[in-house]
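Chemist: Following this line is coords-v2.cif, made up of mmCIF, C-alpha atoms and all ligand atoms:
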```
data_my_file
loop_
_atom_site.label_atom_id
_atom_site.label_comp_id
_atom_site.auth_asym_id
_atom_site.auth_seq_id
_atom_site.Cartn_x
_atom_site.Cartn_y
_atom_site.Cartn_z
CA MET A 1 -4.84 -16.44 -23.73
CA ALA A 2 -2.99 -19.67 -24.50
CA GLN A 3 -1.64 -21.71 -21.62
CA LEU A 4 1.37 -19.90 -20.21
CA SER A 5 3.82 -20.95 -17.52
CA ALA A 6 4.26 -18.93 -14.34
CA ARG A 7 7.68 -17.79 -15.57
CA GLN A 8 6.28 -16.67 -18.93
CA ILE A 9 3.62 -14.63 -17.17
CA ALA A 10 6.16 -13.06 -14.82
CA LEU A 11 8.45 -12.18 -17.72
CA THR A 12 5.59 -10.72 -19.77
CA ALA A 13 4.50 -8.69 -16.75
CA SER A 14 8.02 -7.32 -16.16
CA ARG A 15 8.31 -6.35 -19.80
CA LEU A 16 4.91 -4.62 -19.84
CA TRP A 17 5.78 -2.80 -16.62
CA ARG A 18 9.05 -1.54 -18.09
CA LYS A 19 7.56 -0.49 -21.40
CA GLU A 20 4.11 0.78 -20.50
CA LYS A 21 4.77 2.25 -17.04
CA ARG A 22 1.40 0.97 -15.81
CA PHE A 23 0.78 -0.06 -12.20
CA ALA A 24 2.33 -3.43 -11.37
CA ASP A 25 -0.83 -4.73 -9.66
CA SER A 26 -3.02 -4.01 -12.65
CA ILE A 27 -0.54 -5.61 -15.08
CA ILE A 28 -0.22 -8.90 -13.21
CA SER A 29 -3.90 -9.18 -12.29
CA GLY A 30 -4.83 -8.49 -15.94
CA LEU A 31 -2.49 -11.22 -17.17
CA LEU A 32 -3.59 -13.74 -14.55
CA ALA A 33 -7.27 -13.11 -15.25
CA LYS A 34 -6.74 -14.14 -18.89
CA ALA A 35 -4.29 -16.99 -18.27
CA GLU A 36 -5.22 -20.65 -18.00
CA ILE A 37 -3.15 -21.31 -14.93
CA THR A 38 -3.55 -23.15 -11.63
CA PRO A 39 -3.82 -21.04 -8.45
CA SER A 40 -0.41 -22.22 -7.27
CA ASP A 41 1.21 -21.30 -10.60
CA GLY A 42 -0.57 -17.94 -10.43
CA ALA A 43 0.90 -17.37 -6.97
CA PHE A 44 4.35 -18.36 -8.28
CA ALA A 45 4.02 -15.90 -11.21
CA MET A 46 3.19 -13.12 -8.75
CA GLU A 47 6.05 -14.05 -6.48
CA LEU A 48 8.47 -13.91 -9.42
CA PHE A 49 7.15 -10.64 -10.84
CA TYR A 50 6.98 -8.81 -7.50
CA GLY A 51 10.25 -10.35 -6.35
CA VAL A 52 12.06 -8.98 -9.40
CA LEU A 53 10.47 -5.53 -8.94
CA ARG A 54 11.46 -5.43 -5.27
CA ASN A 55 15.07 -6.23 -6.10
CA LEU A 56 15.70 -4.39 -9.37
CA THR A 57 18.82 -2.44 -8.36
CA LEU A 58 20.45 -5.48 -6.78
CA LEU A 59 19.69 -7.68 -9.81
CA ASP A 60 21.09 -5.00 -12.13
CA PHE A 61 24.19 -4.78 -9.94
CA TRP A 62 24.80 -8.51 -10.47
CA ILE A 63 24.18 -8.12 -14.19
CA SER A 64 26.80 -5.36 -14.29
CA CYS A 65 29.28 -7.70 -12.52
CA LEU A 66 28.65 -10.39 -15.12
CA ARG A 67 28.98 -8.14 -18.16
CA ALA A 68 30.62 -4.73 -18.34
CA SER A 69 29.14 -3.80 -21.73
CA ARG A 70 25.55 -2.78 -22.42
CA VAL A 71 22.85 -5.44 -22.04
CA GLU A 72 19.75 -5.22 -24.26
CA SER A 73 16.56 -4.55 -22.29
CA ASP A 74 14.80 -7.75 -23.36
CA ILE A 75 17.82 -9.84 -22.36
CA ARG A 76 18.04 -7.95 -19.08
CA ASP A 77 14.41 -8.91 -18.29
CA ASN A 78 15.30 -12.60 -18.59
CA LEU A 79 18.51 -12.19 -16.60
CA GLN A 80 16.69 -10.41 -13.76
CA LEU A 81 14.17 -13.23 -13.62
CA GLY A 82 16.91 -15.89 -13.67
CA LEU A 83 19.10 -14.19 -11.05
CA TYR A 84 16.15 -13.57 -8.77
CA GLN A 85 15.40 -17.28 -8.78
CA LEU A 86 19.04 -18.29 -8.39
CA PHE A 87 20.14 -15.94 -5.63
CA LEU A 88 17.03 -14.72 -3.82
CA LEU A 89 14.36 -17.38 -4.27
CA LYS A 90 16.88 -20.21 -4.03
CA THR A 91 15.23 -22.13 -6.89
CA PRO A 92 17.22 -25.26 -7.87
CA GLU A 93 19.88 -24.22 -10.33
CA HIS A 94 18.74 -26.40 -13.21
CA ALA A 95 15.16 -25.10 -13.14
CA ALA A 96 16.17 -21.47 -12.65
CA VAL A 97 18.62 -21.46 -15.55
CA HIS A 98 17.00 -23.90 -17.99
CA GLU A 99 13.43 -22.62 -17.68
CA THR A 100 14.50 -18.98 -17.89
CA VAL A 101 16.70 -19.54 -20.94
CA GLU A 102 13.81 -21.36 -22.66
CA LEU A 103 11.64 -18.24 -22.37
CA ALA A 104 13.94 -16.26 -24.65
CA PRO A 105 13.94 -16.26 -28.46
CA ARG A 106 16.62 -18.57 -29.91
CA ARG A 107 19.07 -15.79 -30.83
CA GLN A 108 19.23 -14.58 -27.20
CA ARG A 109 19.50 -17.96 -25.50
CA GLU A 110 23.26 -18.38 -25.77
CA ILE A 111 24.13 -15.17 -23.95
CA ILE A 112 21.44 -15.63 -21.28
CA ASN A 113 22.56 -19.20 -20.67
CA ALA A 114 26.24 -18.18 -20.48
CA MET A 115 25.55 -15.35 -18.03
CA LEU A 116 23.30 -17.41 -15.75
CA ARG A 117 25.80 -20.29 -15.72
CA ALA A 118 28.60 -17.83 -14.89
CA ALA A 119 26.42 -16.47 -12.06
CA THR A 120 26.00 -19.95 -10.58
CA ARG A 121 29.78 -20.53 -10.72
CA ARG A 122 30.52 -17.14 -9.14
CA ARG A 123 27.69 -17.35 -6.62
CA SER A 124 29.69 -16.74 -3.39
CA GLU A 125 31.72 -13.93 -4.92
CA LEU A 126 28.58 -12.17 -6.28
CA LEU A 127 26.72 -12.51 -2.99
CA ALA A 128 29.71 -11.12 -1.06
CA ARG A 129 30.05 -8.19 -3.47
CA ALA A 130 26.36 -7.39 -3.03
CA ASP A 131 26.79 -7.36 0.76
CA ALA A 132 29.47 -4.71 0.40
CA GLN A 133 27.21 -2.36 -1.61
CA PRO A 134 25.50 0.71 -0.15
CA LEU A 135 22.02 0.28 1.31
CA PHE A 136 20.19 1.62 -1.74
CA VAL A 137 21.77 -1.11 -3.90
CA ARG A 138 21.47 -3.96 -1.38
CA THR A 139 17.79 -3.23 -0.75
CA SER A 140 16.94 -1.77 -4.17
CA HIS A 141 15.55 1.65 -3.32
CA PRO A 142 16.01 5.01 -5.04
CA ARG A 143 19.10 6.62 -3.53
CA PHE A 144 17.36 9.90 -2.71
CA LEU A 145 14.76 8.08 -0.62
CA VAL A 146 17.32 6.11 1.37
CA GLU A 147 19.32 9.28 2.02
CA ARG A 148 16.29 11.19 3.30
CA TRP A 149 15.31 8.26 5.57
CA GLN A 150 18.86 8.01 6.90
CA GLN A 151 18.74 11.70 7.75
CA HIS A 152 15.29 11.51 9.24
CA PHE A 153 15.30 8.17 11.10
CA GLY A 154 19.05 7.45 11.49
CA THR A 155 21.19 4.81 9.78
CA GLU A 156 19.97 1.71 11.61
CA GLN A 157 16.28 2.44 11.34
CA ALA A 158 16.59 3.43 7.68
CA GLU A 159 18.23 0.05 7.08
CA GLU A 160 15.40 -1.73 8.95
CA LEU A 161 12.83 0.18 6.91
CA CYS A 162 14.46 -0.66 3.58
CA LYS A 163 14.68 -4.34 4.54
CA TRP A 164 11.05 -4.28 5.66
CA ASN A 165 9.98 -2.89 2.27
CA THR A 166 11.83 -5.65 0.48
CA ARG A 167 10.06 -8.49 2.29
CA PRO A 168 6.62 -9.64 1.04
CA ALA A 169 3.82 -8.08 3.08
CA LEU A 170 1.80 -10.11 5.58
CA VAL A 171 -1.96 -10.32 5.04
CA TYR A 172 -4.17 -9.04 7.85
CA GLY A 173 -7.94 -9.27 8.06
CA ARG A 174 -10.10 -7.08 10.27
CA ILE A 175 -12.96 -9.06 11.76
CA ASN A 176 -16.18 -7.24 10.87
CA ARG A 177 -18.09 -7.20 14.16
CA LEU A 178 -21.14 -5.77 12.37
CA LYS A 179 -21.64 -9.27 10.98
CA ILE A 180 -19.78 -11.76 13.11
CA GLY A 181 -18.40 -12.15 16.65
CA TYR A 182 -14.75 -12.85 17.44
CA GLU A 183 -15.20 -16.44 18.66
CA GLU A 184 -17.49 -17.32 15.79
CA PHE A 185 -14.99 -15.93 13.27
CA LEU A 186 -12.13 -17.98 14.68
CA ARG A 187 -14.32 -21.08 14.71
CA LEU A 188 -15.41 -20.60 11.08
CA TYR A 189 -11.95 -19.64 9.81
CA PRO A 190 -9.49 -21.73 11.83
CA MET A 191 -6.61 -20.86 9.48
CA SER A 192 -6.62 -17.29 10.81
CA ARG A 193 -4.26 -16.40 13.65
CA PRO A 194 -5.52 -13.79 16.12
CA LEU A 195 -3.21 -10.85 16.78
CA THR A 196 -2.41 -10.55 20.46
CA ALA A 197 -1.84 -6.80 20.09
CA ASP A 198 -5.27 -6.11 18.56
CA SER A 199 -8.30 -8.36 18.92
CA ASP A 200 -9.97 -6.82 15.86
CA PHE A 201 -7.36 -8.40 13.59
CA VAL A 202 -6.16 -11.78 12.40
CA GLU A 203 -3.11 -12.73 10.36
CA LEU A 204 -3.72 -14.88 7.29
CA ASP A 205 -1.57 -16.95 4.96
CA ALA A 206 -3.73 -16.23 1.93
CA LEU A 207 -6.76 -14.16 0.96
CA PRO A 208 -9.73 -15.64 2.85
CA VAL A 209 -12.06 -15.68 -0.17
CA SER A 210 -15.13 -17.00 1.62
CA ALA A 211 -14.76 -14.69 4.66
CA LEU A 212 -14.42 -11.73 2.30
CA GLU A 213 -17.45 -12.73 0.22
CA GLN A 214 -19.54 -13.11 3.38
CA GLY A 215 -18.42 -9.70 4.68
CA HIS A 216 -16.95 -11.40 7.74
CA CYS A 217 -13.68 -9.61 7.33
CA TYR A 218 -11.93 -6.82 5.43
CA ILE A 219 -8.31 -6.90 4.32
CA GLN A 220 -6.61 -4.05 6.15
CA ASP A 221 -3.38 -3.41 8.02
CA PRO A 222 -3.82 -2.76 11.77
CA SER A 223 -2.06 0.62 11.38
CA THR A 224 -5.06 1.92 9.41
CA THR A 225 -7.27 1.96 12.49
CA ILE A 226 -5.09 4.44 14.44
CA ALA A 227 -6.81 7.39 12.74
CA CYS A 228 -10.27 5.99 13.59
CA HIS A 229 -9.27 5.37 17.20
CA ILE A 230 -8.06 8.91 17.79
CA LEU A 231 -11.09 10.35 16.01
CA ASP A 232 -13.17 8.19 18.36
CA PRO A 233 -16.60 8.49 16.66
CA LYS A 234 -19.56 7.70 18.92
CA PRO A 235 -22.93 6.03 18.16
CA GLY A 236 -25.47 8.59 16.95
CA GLU A 237 -22.93 11.20 15.78
CA LYS A 238 -22.62 12.92 12.41
CA VAL A 239 -19.28 12.05 10.84
CA LEU A 240 -17.72 13.01 7.53
CA ASP A 241 -15.21 10.65 5.94
CA ALA A 242 -13.86 13.11 3.39
CA CYS A 243 -11.59 10.82 1.32
CA ALA A 244 -13.35 7.55 1.98
CA ALA A 245 -12.88 5.10 -0.88
CA PRO A 246 -12.58 2.13 -0.86
CA GLY A 247 -14.05 2.34 2.64
CA GLY A 248 -11.71 0.52 5.03
CA LYS A 249 -11.94 3.30 7.60
CA THR A 250 -15.61 4.09 6.90
CA SER A 251 -16.57 0.54 7.74
CA TYR A 252 -14.42 0.45 10.86
CA MET A 253 -15.93 3.74 12.06
CA ALA A 254 -19.41 2.32 11.44
CA GLN A 255 -18.44 -0.57 13.70
CA LEU A 256 -17.17 1.82 16.40
CA MET A 257 -20.48 3.71 16.05
CA GLN A 258 -22.46 0.43 16.31
CA ASN A 259 -24.07 1.33 12.97
CA ARG A 260 -25.91 4.26 14.59
CA GLY A 261 -25.69 7.89 13.42
CA THR A 262 -24.48 9.08 10.01
CA ILE A 263 -21.24 8.79 8.09
CA VAL A 264 -21.09 10.84 4.91
CA ALA A 265 -18.53 8.96 2.83
CA CYS A 266 -17.09 11.20 0.08
CA ASP A 267 -14.54 10.65 -2.60
CA ARG A 268 -13.81 12.27 -5.93
CA ASP A 269 -13.20 9.02 -7.79
CA PRO A 270 -16.37 7.39 -9.15
CA ASP A 271 -14.80 3.97 -9.71
CA ARG A 272 -13.46 3.83 -6.19
CA LEU A 273 -16.85 4.96 -4.87
CA GLN A 274 -18.45 2.00 -6.62
CA ILE A 275 -16.04 -0.29 -4.77
CA LEU A 276 -16.87 1.50 -1.51
CA LYS A 277 -20.57 0.98 -2.17
CA GLY A 278 -20.07 -2.76 -2.67
CA ASN A 279 -17.92 -2.95 0.46
CA MET A 280 -20.51 -1.17 2.61
CA ALA A 281 -23.24 -3.54 1.42
CA ARG A 282 -21.12 -6.65 2.02
CA LEU A 283 -19.95 -5.45 5.44
CA ARG A 284 -23.52 -4.46 6.43
CA VAL A 285 -22.73 -0.81 7.04
CA VAL A 286 -26.13 0.91 7.02
CA ILE A 287 -25.18 4.44 8.12
CA ALA A 288 -23.01 5.51 5.17
CA GLN A 289 -24.34 8.17 2.78
CA ILE A 290 -22.12 7.89 -0.26
CA LEU A 291 -21.32 11.06 -2.14
CA ARG A 292 -19.02 12.04 -4.97
CA HIS A 293 -17.19 15.27 -4.28
CA ASP A 294 -13.82 16.86 -4.99
CA TRP A 295 -12.65 19.01 -2.06
CA THR A 296 -10.40 21.09 -4.26
CA CYS A 297 -13.39 22.58 -6.06
CA ASP A 298 -15.03 25.59 -4.44
CA ARG A 299 -18.58 24.81 -3.47
CA VAL A 300 -19.82 22.61 -0.64
CA PRO A 301 -22.34 20.10 -2.01
CA PRO A 302 -25.92 20.59 -0.72
CA GLU A 303 -25.96 17.05 0.74
CA ILE A 304 -23.14 18.08 3.07
CA ALA A 305 -24.48 21.57 3.80
CA LEU A 306 -27.63 19.78 5.02
CA VAL A 307 -25.83 17.63 7.61
CA ALA A 308 -23.18 20.23 8.64
CA PRO A 309 -21.89 21.13 11.15
CA LEU A 310 -20.28 17.74 11.79
CA ASP A 311 -19.24 16.16 15.08
CA ARG A 312 -16.17 14.58 13.55
CA ILE A 313 -14.29 14.60 10.28
CA LEU A 314 -11.76 12.07 9.05
CA VAL A 315 -9.53 13.26 6.25
CA ASP A 316 -7.44 10.34 5.05
CA VAL A 317 -5.68 12.27 2.31
CA PRO A 318 -4.05 11.04 -0.89
CA CYS A 319 -0.32 10.81 -0.16
CA SER A 320 2.98 9.41 -1.37
CA ASN A 321 2.22 6.06 0.39
CA THR A 322 5.79 5.60 1.60
CA GLY A 323 4.48 3.82 4.72
CA VAL A 324 2.97 1.03 2.63
CA MET A 325 5.82 0.48 0.24
CA ARG A 326 6.07 -3.23 0.93
CA ARG A 327 2.48 -3.56 -0.35
CA ARG A 328 2.83 -1.20 -3.35
CA VAL A 329 5.75 -3.00 -4.85
CA ASP A 330 6.51 -0.64 -7.75
CA LEU A 331 5.85 2.56 -5.81
CA ARG A 332 9.54 3.14 -5.06
CA TRP A 333 10.28 3.29 -8.80
CA ARG A 334 7.58 5.90 -9.44
CA LEU A 335 8.36 8.31 -6.59
CA ARG A 336 10.14 11.58 -7.34
CA ARG A 337 11.89 13.96 -4.92
CA THR A 338 9.35 16.65 -5.68
CA ASP A 339 6.33 14.45 -4.85
CA PHE A 340 6.28 15.23 -1.12
CA ASP A 341 5.98 19.01 -1.54
CA ARG A 342 3.52 18.57 -4.37
CA MET A 343 1.34 16.28 -2.24
CA GLN A 344 1.55 18.74 0.66
CA GLN A 345 -0.12 21.50 -1.38
CA ARG A 346 -3.01 19.21 -2.25
CA GLN A 347 -3.35 17.89 1.29
CA ILE A 348 -3.54 21.40 2.76
CA GLU A 349 -6.09 22.43 0.14
CA ILE A 350 -8.33 19.49 1.08
CA VAL A 351 -8.11 20.16 4.84
CA ARG A 352 -8.83 23.88 4.32
CA ALA A 353 -12.12 23.04 2.61
CA LEU A 354 -13.18 20.87 5.56
CA VAL A 355 -12.49 23.08 8.57
CA PRO A 356 -15.62 25.26 8.14
CA LEU A 357 -17.80 22.13 8.28
CA LEU A 358 -16.68 21.20 11.79
CA LYS A 359 -18.85 22.14 14.73
CA PRO A 360 -17.38 23.88 17.82
CA ASN A 361 -15.55 21.30 19.94
CA GLY A 362 -15.73 18.94 16.97
CA ALA A 363 -12.65 16.91 16.02
CA LEU A 364 -10.89 16.53 12.69
CA VAL A 365 -8.34 13.76 12.20
CA TYR A 366 -5.80 14.24 9.45
CA SER A 367 -4.21 10.97 8.37
CA THR A 368 -1.80 9.54 5.82
CA CYS A 369 0.09 6.35 5.11
CA SER A 370 3.22 8.37 4.48
CA LEU A 371 6.41 8.48 6.56
CA GLU A 372 7.44 11.88 5.24
CA PRO A 373 7.38 14.96 7.51
CA GLU A 374 6.31 17.20 4.59
CA GLU A 375 3.03 15.27 4.37
CA ASN A 376 2.56 14.76 8.11
CA GLU A 377 3.76 17.15 10.84
CA GLU A 378 4.42 19.95 8.35
CA VAL A 379 0.86 19.88 7.02
CA VAL A 380 -0.45 19.94 10.59
CA ARG A 381 1.84 22.86 11.54
CA ARG A 382 0.81 24.86 8.51
CA ILE A 383 -2.90 24.22 9.08
CA LEU A 384 -2.58 25.22 12.74
CA ALA A 385 -0.65 28.36 11.82
CA GLU A 386 -3.33 29.57 9.44
CA THR A 387 -6.35 28.36 11.46
CA PRO A 388 -6.29 29.75 15.03
CA ILE A 389 -9.66 28.14 15.80
CA LEU A 390 -7.98 24.70 15.72
CA ARG A 391 -5.76 23.15 18.39
CA LEU A 392 -3.68 19.99 18.22
CA GLU A 393 -4.86 17.33 20.64
CA ALA A 394 -2.93 14.22 19.63
CA GLU A 395 -0.43 12.97 17.07
CA ARG A 396 0.37 9.30 16.40
CA TYR A 397 2.78 7.46 14.13
CA SER A 398 2.97 3.81 13.18
CA LEU A 399 6.55 3.04 12.14
CA PRO A 400 7.27 -0.33 10.51
CA PHE A 401 10.68 -0.73 12.17
CA ARG A 402 9.26 0.13 15.61
CA ASP A 403 5.70 -1.20 15.53
CA GLY A 404 5.87 -4.08 13.06
CA PHE A 405 2.97 -2.81 10.92
CA ASP A 406 2.64 -0.46 7.94
CA GLY A 407 3.63 3.17 8.33
CA ALA A 408 0.85 5.63 9.14
CA PHE A 409 0.33 9.07 10.66
CA ALA A 410 -2.69 10.65 12.33
CA ALA A 411 -3.20 14.01 14.03
CA LYS A 412 -6.31 15.07 15.91
CA LEU A 413 -7.27 18.74 15.61
CA VAL A 414 -10.11 20.09 17.72
CA ARG A 415 -12.11 23.20 16.92
CA ASN A 416 -12.32 25.73 19.73
CA VAL A 417 -15.78 26.88 20.76
C1 LIG B 1 -5.76 7.16 1.08
S1 LIG B 1 -7.11 7.00 0.03
C2 LIG B 1 -8.44 6.78 1.15
C3 LIG B 1 -8.52 5.40 1.78
C4 LIG B 1 -9.79 5.23 2.61
N1 LIG B 1 -9.90 6.22 3.65
C5 LIG B 1 -9.85 3.86 3.26
O1 LIG B 1 -9.55 3.72 4.44
O2 LIG B 1 -10.20 2.91 2.56
C6 LIG B 1 -7.35 8.63 -0.50
C7 LIG B 1 -8.64 8.84 -1.29
O3 LIG B 1 -8.76 10.24 -1.53
C8 LIG B 1 -9.44 10.43 -2.75
N2 LIG B 1 -9.17 11.82 -3.17
C9 LIG B 1 -8.03 12.33 -3.70
N3 LIG B 1 -8.17 13.66 -3.91
C10 LIG B 1 -9.41 13.99 -3.52
C11 LIG B 1 -10.14 15.20 -3.50
N4 LIG B 1 -9.60 16.33 -3.96
N5 LIG B 1 -11.42 15.19 -3.04
C12 LIG B 1 -11.97 14.02 -2.61
N6 LIG B 1 -11.32 12.84 -2.60
C13 LIG B 1 -10.06 12.82 -3.04
C14 LIG B 1 -8.84 9.36 -3.63
O4 LIG B 1 -9.72 9.07 -4.70
C15 LIG B 1 -8.68 8.19 -2.66
O5 LIG B 1 -9.76 7.33 -2.74
#
```
Please express what this file holds, its structure, as structure tokens.
Modeler:
Amino acid sequence: MAQLSARQIALTASRLWRKEKRFADSIISGLLAKAEITPSDGAFAMELFYGVLRNLTLLDFWISCLRASRVESDIRDNLQLGLYQLFLLKTPEHAAVHETVELAPRRQREIINAMLRAATRRRSELLARADAQPLFVRTSHPRFLVERWQQHFGTEQAEELCKWNTRPALVYGRINRLKIGYEEFLRLYPMSRPLTADSDFVELDALPVSALEQGHCYIQDPSTTIACHILDPKPGEKVLDACAAPGGKTSYMAQLMQNRGTIVACDRDPDRLQILKGNMARLRVVIAQILRHDWTCDRVPPEIALVAPLDRILVDVPCSNTGVMRRRVDLRWRLRRTDFDRMQQRQIEIVRALVPLLKPNGALVYSTCSLEPEENEEVVRRILAETPILRLEAERYSLPFRDGFDGAFAAKLVRNV
């Protein structure tokens, strides 16, 4: 690809996202991989692209204030990029307007220039009008989602959650104790800041490329370890990680088990299993048996029948991901009202297939990174209602507005003797 500026890449990415409906992450990483661009320009392109996606409703609100009649989609893409820089990124006016206008074909430049200049003149008025808008406009979320969160969490916490989702996510690394000690890690990677709340984790300003290559750490939010902690796998046990890829929890459980025992790490997705395999090798996990299996198909694979019954099962199901919305920037624009019930059916189906594999007194932890009751407590209630041999031993939530980390849910079900 010819040399492109950060703004050109961001604009191309926004346009591809709008037209092709592909995942935002794959669009921008595909473009950056082909672009001849410095790392800092690459980071700026990502900031622009994700920033626009996070603020789409608000940017469109300002566009509607600037022009009552219809705005062509291609022109709208440029305006969103320009307004994001002007009002949210606080880019100097000249650069925000001039560079954004220059990206457009000649015939569109006049209108884009006029609208961005009008926005700079009307700055205070437009910012005040935005402040008076309902939460779903101010924080750019689908209205139905904001309304269900307001009902479920209350007005203030829903507001906190929406604001949380609109801020760029912090990067956390889990120190991989299978390869390196805590002190040694901090000595080798002095840019990392230890978390006082959890000594397994550090906060980072950027991806620690060398630490990742060496398997010294794994990028993971602290909330993801809750499920592993309540499962509490012990050295020497037989554990099934039913939906394991890409292996964040498998590798943490291997650490808790001091790399002794067995973890059967299953997933139905072959590409994700390849990533898991690479991760296990890099992180020096030696107890994972990797297996492709879809739990919604009938038979139990012979590899699992051989190790069953299991001491512990982790089922980290596919879910709507509403707890990690600040990391999955375009997720909010893909979610539909019906997704939560649809996911629930699949989640229950997966858990049902696993219960017979658990030994008496064995524990199964059901976990999600969703904040929605349909995918969390309701699944647990329904499983308990239809499976009298299980009892609920613990339930935990991580809530962004309360705990300061991603949203997550975990419930521990124990099989009666
Ligand atoms: C939330 S992710 C798992 C994340 C993983 N536990 C970790 O910590 O890295 C859910 C996984 O479930 C897998 N999955 C979805 N449906 C499945 C099914 N029916 N059987 C097996 N795996 C499934 C997906 O491919 C995906 O990798």
Chemist: Looking at only C-alpha atoms, which of A:Cys65, A:Ile230, A:Ile9, A:Met325 is the one that sits closest to Asn165 in chain A?
Modeler: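 Under the stated criterion, the closest residue is A:Met325.
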Chemist: At a cut-off of 7 Å and counting only C-alpha atoms and all ligand atoms, what residues surround ligand LIG 1 (chain B)? Please answer as JSON, numbers by chain.
Modeler: {"A": [224, 242, 243, 244, 245, 246, 247, 248, 249, 250, 266, 267, 268, 269, 272, 293, 294, 295, 296, 316, 317, 318, 319, 350, 368]}
Chemist: Excluding Val209 in chain A and residues on its chain fewer than 6 positions from it, collect all residues at most 12 Å away from it, counting only C-alpha atoms, and give them as a list in words.
Modeler: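 Using only C-alpha atoms, the neighbours found are Gly173, Tyr189, Gly215, His216, Cys217, Tyr218 and Ile219 of chain A.
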Chemist: Please dump the current selection as a PDB file, keeping the file's coordinate frame; keep C-alpha atoms.
Modeler:
```
ATOM      1  CA  GLY A 173      -7.940  -9.270   8.060  1.00  0.00           C
ATOM      2  CA  TYR A 189     -11.950 -19.640   9.810  1.00  0.00           C
ATOM      3  CA  GLY A 215     -18.420  -9.700   4.680  1.00  0.00           C
ATOM      4  CA  HIS A 216     -16.950 -11.400   7.740  1.00  0.00           C
ATOM      5  CA  CYS A 217     -13.680  -9.610   7.330  1.00  0.00           C
ATOM      6  CA  TYR A 218     -11.930  -6.820   5.430  1.00  0.00           C
ATOM      7  CA  ILE A 219      -8.310  -6.900   4.320  1.00  0.00           C
TER       8      ILE A 219
END
```
Chemist: One decimal, Å: what's the distance from CA of Leu116 in chain A over to CA of Asn78 in chain A, could you say?
Modeler: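 Between CA of Leu116 in chain A and CA of Asn78 in chain A the gap works out to 9.8 Å.
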Chemist: Name all residues at most 8 Å from range 205-208 of chain A (count all atoms listed in the file; drop same-chain ones fewer than 5 positions away) and give them as a tab-separated table (two decimals) with C-alpha atoms, in the frame of the given file.
Modeler:
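Saved file selection_32.tsv follows:
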```
chain	number	residue	atom	x	y	z
A	170	LEU	CA	1.80	-10.11	5.58
A	171	VAL	CA	-1.96	-10.32	5.04
A	191	MET	CA	-6.61	-20.86	9.48
A	192	SER	CA	-6.62	-17.29	10.81
```
Chemist: Wanna dump the range 278-374 of chain A-range 39-59 of chain A contacts at 10 Å for me, each residue with its shortest atom pair and the distance in Å to one decimal, counting all atoms listed in the file, ordered by chain and number, as a tab-separated table?
Modeler:
```
residue	atom	partner	partner_atom	distance
A:Met325	CA	A:Arg54	CA	9.9
A:Arg326	CA	A:Arg54	CA	8.5
A:Arg327	CA	A:Tyr50	CA	9.9
A:Arg328	CA	A:Tyr50	CA	9.6
A:Val329	CA	A:Arg54	CA	6.2
A:Asp330	CA	A:Leu53	CA	6.4
A:Leu331	CA	A:Arg54	CA	9.8
A:Arg332	CA	A:Arg54	CA	8.8
A:Trp333	CA	A:Leu53	CA	8.8
```
Chemist: Create the file for the chosen residues now, containing C-alpha atoms and written as a PDB file, in the frame of the given file.
Modeler:
```pdb
ATOM      1  CA  MET A 325       5.820   0.480   0.240  1.00  0.00           C
ATOM      2  CA  ARG A 326       6.070  -3.230   0.930  1.00  0.00           C
ATOM      3  CA  ARG A 327       2.480  -3.560  -0.350  1.00  0.00           C
ATOM      4  CA  ARG A 328       2.830  -1.200  -3.350  1.00  0.00           C
ATOM      5  CA  VAL A 329       5.750  -3.000  -4.850  1.00  0.00           C
ATOM      6  CA  ASP A 330       6.510  -0.640  -7.750  1.00  0.00           C
ATOM      7  CA  LEU A 331       5.850   2.560  -5.810  1.00  0.00           C
ATOM      8  CA  ARG A 332       9.540   3.140  -5.060  1.00  0.00           C
ATOM      9  CA  TRP A 333      10.280   3.290  -8.800  1.00  0.00           C
TER      10      TRP A 333
END
```
Chemist: Considering all atoms listed in the file, can you say which of A:Tyr252, A:Phe401, A:Trp164, A:Trp62 comes closest to Asp232 in chain A?
Modeler: A:Tyr252
Chemist: Choose the residue, out of A:Arg76, A:Arg299, A:Arg337, A:Arg174, that has the smallest atom-to-atom separation from Pro194 in chain A; count all atoms listed in the file.
Modeler: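 Nearest to Pro194 in chain A: A:Arg174.
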Chemist: List the spatial neighbours of Gly261 in chain A as a list in words - criterion: any atom at most 10 Å away, only C-alpha atoms, same-chain residues fewer than 5 positions off excluded.
Modeler: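 Residues meeting the cut-off are Pro233, Lys234, Pro235, Gly236, Glu237, Lys238, Val239, Ala254, Val286, Ile287 and Ala288 of chain A.
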Chemist: Please dump the current selection as a compact mmCIF listing (two decimals), keeping the file's coordinate frame; keep C-alpha atoms.
Modeler:
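out_2.txt written:
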```txt
# COMPACT_ATOMS: atom_id res chain seq x y z
CA PRO A 233 -16.60 8.49 16.66
CA LYS A 234 -19.56 7.70 18.92
CA PRO A 235 -22.93 6.03 18.16
CA GLY A 236 -25.47 8.59 16.95
CA GLU A 237 -22.93 11.20 15.78
CA LYS A 238 -22.62 12.92 12.41
CA VAL A 239 -19.28 12.05 10.84
CA ALA A 254 -19.41 2.32 11.44
CA VAL A 286 -26.13 0.91 7.02
CA ILE A 287 -25.18 4.44 8.12
CA ALA A 288 -23.01 5.51 5.17
```
Chemist: May I ask which of the residues A:Thr120, A:Thr225, A:Asn113, A:Gln220 is the closest one to Ala169 in chain A, counting only C-alpha atoms?
Modeler: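 The answer is A:Gln220, which sits nearest to Ala169 in chain A.
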Chemist: For a test of reading the model, state the distance in Å between CA of Gln108 in chain A and CA of Ile75 in chain A, rounded to one decimal.
Modeler: 6.9 Å
